[in-house]
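Before any comments, here is the structure.
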Amino acid sequence: MMKPLFSNIVAAITGSDASILAAKYAIVMAKIYRCHLTAVYVVDTATIRQLTLSKIFIQEESQEYEKSLEANGKRYLAFVEELARAKGVKIETEIRRGAVYTEILTAAEDKKADLIVLGGWEQHRSARDIISHAHREVMVNAKCSVLLVKEPNVDHIYKNV
């Protein structure tokens, strides 16, 4: 019997509309192909540290910003968990701290992921923003396949599964 192409999926959640659409796509894939799904949100402490060292943030601001990012991450992951539950898909969620791309790659390795799912670039974002940089680093350095979701009908697909 041939081994399936993928059985463990890691979906990177940033809170952007694109990452939520990617999460819906990953949920559909997990349901159809009976895969294990993990949604990962990264509190970008690497960038916060750079901003503090550059004196753009003072220590108190960086701590407050980190707490805010963690609260946002919990909220986004709870939303994705509810989306999965609505489709009868079991999902594991995880908040990590560090550089976004490093933590996504580490999560994929820890979960023995066969596939990392990322949201496509949003039109109003600069190609040089932090998320775009993280996406490029994940695509270049991943040890498994990476799917960049750009499907325009994700909501329709999600609703009909």
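FYI, nothing fancy with the structure tokens labels: chains A, B, ... in order, residues from 1 per chain, ligands from 1 as they appear.
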
Alpha helix (DSSP H) positions in region 34-64 of chain A, given as a PDB file with N, CA and C atoms, in the first residue's frame:
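The result, written out as selection.pdb:
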```pdb
ATOM      1  N   THR A  45       8.829  37.439  19.230  1.00  0.00           N
ATOM      2  CA  THR A  45       9.711  38.059  20.218  1.00  0.00           C
ATOM      3  C   THR A  45      11.039  38.504  19.603  1.00  0.00           C
ATOM      4  N   ALA A  46      11.425  37.913  18.492  1.00  0.00           N
ATOM      5  CA  ALA A  46      12.675  38.316  17.831  1.00  0.00           C
ATOM      6  C   ALA A  46      12.584  39.769  17.350  1.00  0.00           C
ATOM      7  N   THR A  47      11.468  40.110  16.722  1.00  0.00           N
ATOM      8  CA  THR A  47      11.284  41.486  16.243  1.00  0.00           C
ATOM      9  C   THR A  47      11.121  42.444  17.421  1.00  0.00           C
ATOM     10  N   ILE A  48      10.397  42.012  18.445  1.00  0.00           N
ATOM     11  CA  ILE A  48      10.228  42.863  19.637  1.00  0.00           C
ATOM     12  C   ILE A  48      11.592  43.166  20.248  1.00  0.00           C
ATOM     13  N   ARG A  49      12.451  42.144  20.317  1.00  0.00           N
ATOM     14  CA  ARG A  49      13.795  42.325  20.872  1.00  0.00           C
ATOM     15  C   ARG A  49      14.582  43.334  20.024  1.00  0.00           C
ATOM     16  N   GLN A  50      14.484  43.227  18.698  1.00  0.00           N
ATOM     17  CA  GLN A  50      15.182  44.170  17.809  1.00  0.00           C
ATOM     18  C   GLN A  50      14.686  45.600  18.034  1.00  0.00           C
ATOM     19  N   LEU A  51      13.364  45.747  18.165  1.00  0.00           N
ATOM     20  CA  LEU A  51      12.800  47.080  18.380  1.00  0.00           C
ATOM     21  C   LEU A  51      13.245  47.665  19.714  1.00  0.00           C
ATOM     22  N   THR A  52      13.403  46.826  20.711  1.00  0.00           N
ATOM     23  CA  THR A  52      13.866  47.283  22.021  1.00  0.00           C
ATOM     24  C   THR A  52      15.349  47.666  21.957  1.00  0.00           C
ATOM     25  N   LEU A  53      16.150  46.824  21.310  1.00  0.00           N
ATOM     26  CA  LEU A  53      17.578  47.131  21.181  1.00  0.00           C
ATOM     27  C   LEU A  53      17.813  48.388  20.353  1.00  0.00           C
ATOM     28  N   GLN A  59      11.584  49.005  27.406  1.00  0.00           N
ATOM     29  CA  GLN A  59      11.325  47.672  27.943  1.00  0.00           C
ATOM     30  C   GLN A  59       9.852  47.456  28.291  1.00  0.00           C
ATOM     31  N   GLU A  60       9.227  48.441  28.939  1.00  0.00           N
ATOM     32  CA  GLU A  60       7.821  48.299  29.343  1.00  0.00           C
ATOM     33  C   GLU A  60       6.913  48.164  28.117  1.00  0.00           C
ATOM     34  N   GLU A  61       7.206  48.939  27.065  1.00  0.00           N
ATOM     35  CA  GLU A  61       6.406  48.849  25.838  1.00  0.00           C
ATOM     36  C   GLU A  61       6.543  47.478  25.192  1.00  0.00           C
ATOM     37  N   SER A  62       7.761  46.957  25.169  1.00  0.00           N
ATOM     38  CA  SER A  62       7.966  45.658  24.532  1.00  0.00           C
ATOM     39  C   SER A  62       7.240  44.565  25.301  1.00  0.00           C
ATOM     40  N   GLN A  63       7.246  44.626  26.623  1.00  0.00           N
ATOM     41  CA  GLN A  63       6.524  43.633  27.422  1.00  0.00           C
ATOM     42  C   GLN A  63       5.023  43.731  27.179  1.00  0.00           C
ATOM     43  N   GLU A  64       4.532  44.948  27.111  1.00  0.00           N
ATOM     44  CA  GLU A  64       3.101  45.158  26.865  1.00  0.00           C
ATOM     45  C   GLU A  64       2.714  44.677  25.465  1.00  0.00           C
TER      46      GLU A  64
END
```

### Message
Give me the residues near region 90-92 of chain A as a PyMOL selection string, where near means some atom within 9 Å (using only C-alpha atoms) and where sequence neighbours in that chain fewer than 6 positions away do not count.
### Response
chain A and resi 27+30-31+36-40+80-81+84

### Message
For region 139-151 of chain A, find every residue with an atom within 7 Å (counting only C-alpha atoms), except residues of its own chain fewer than 5 positions away, and show them as a VMD selection string.
### Response
chain A and resid 22 105 113 to 120

### Query
Pick from A:Leu21, A:Ala107, A:Leu69, A:Ala134: nearest to Ile9 (chain A), with only C-alpha atoms counted?
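The closest residue to Ile9 (chain A) is A:Ala107.
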
Pull the strand (DSSP E) assignments for region 4-100 of chain A out of DSSP run on the backbone, and list those residues as a compact mmCIF listing (two decimals) with N, CA and C atoms, in the first residue's frame.
```
# COMPACT_ATOMS: atom_id res chain seq x y z
N ASN A 8 0.26 14.79 8.34
CA ASN A 8 0.40 15.80 9.39
C ASN A 8 0.56 17.17 8.75
N ILE A 9 -0.39 18.04 9.04
CA ILE A 9 -0.38 19.39 8.46
C ILE A 9 -0.16 20.41 9.58
N VAL A 10 0.71 21.39 9.32
CA VAL A 10 0.88 22.53 10.21
C VAL A 10 0.41 23.77 9.45
N ALA A 11 -0.54 24.48 10.03
CA ALA A 11 -1.04 25.73 9.44
C ALA A 11 -0.51 26.90 10.26
N ALA A 12 0.15 27.83 9.59
CA ALA A 12 0.70 29.02 10.25
C ALA A 12 -0.40 30.08 10.34
N ILE A 13 -0.68 30.54 11.55
CA ILE A 13 -1.73 31.53 11.77
C ILE A 13 -1.08 32.84 12.18
N HIS A 36 -3.86 14.77 10.55
CA HIS A 36 -3.70 15.46 11.83
C HIS A 36 -3.38 16.92 11.50
N LEU A 37 -4.03 17.84 12.19
CA LEU A 37 -3.86 19.27 11.91
C LEU A 37 -3.41 20.01 13.17
N THR A 38 -2.39 20.83 13.00
CA THR A 38 -1.92 21.70 14.07
C THR A 38 -1.89 23.13 13.54
N ALA A 39 -2.48 24.05 14.30
CA ALA A 39 -2.42 25.47 13.96
C ALA A 39 -1.42 26.13 14.91
N VAL A 40 -0.49 26.90 14.33
CA VAL A 40 0.58 27.51 15.12
C VAL A 40 0.56 29.02 14.94
N TYR A 41 0.59 29.72 16.07
CA TYR A 41 0.72 31.18 16.08
C TYR A 41 2.03 31.49 16.78
N VAL A 42 2.81 32.40 16.21
CA VAL A 42 4.10 32.75 16.80
C VAL A 42 4.07 34.20 17.31
N VAL A 43 4.36 34.35 18.60
CA VAL A 43 4.57 35.67 19.17
C VAL A 43 5.99 36.06 18.76
N ILE A 91 -8.23 19.44 15.96
CA ILE A 91 -7.11 20.33 15.71
C ILE A 91 -6.35 20.56 17.00
N GLU A 92 -5.06 20.64 16.88
CA GLU A 92 -4.20 21.00 18.00
C GLU A 92 -3.75 22.43 17.74
N THR A 93 -3.72 23.26 18.77
CA THR A 93 -3.26 24.64 18.60
C THR A 93 -2.06 24.86 19.50
N GLU A 94 -1.22 25.77 19.06
CA GLU A 94 0.02 26.01 19.80
C GLU A 94 0.48 27.45 19.60
N ILE A 95 0.86 28.07 20.70
CA ILE A 95 1.50 29.39 20.64
C ILE A 95 2.98 29.18 20.92
N ARG A 96 3.80 29.77 20.07
CA ARG A 96 5.25 29.70 20.22
C ARG A 96 5.81 31.10 20.30
N ARG A 97 7.03 31.21 20.79
CA ARG A 97 7.72 32.49 20.91
C ARG A 97 9.05 32.42 20.19
```

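Checking A:Phe57, A:Tyr65, A:Tyr158, A:Tyr101 one by one against Ile20 (chain A), counting only C-alpha atoms, you find the shortest gap at A:Tyr158.
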
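Here CA of His133 (chain A) and CA of Ile104 (chain A) stand 12.7 Å from one another.
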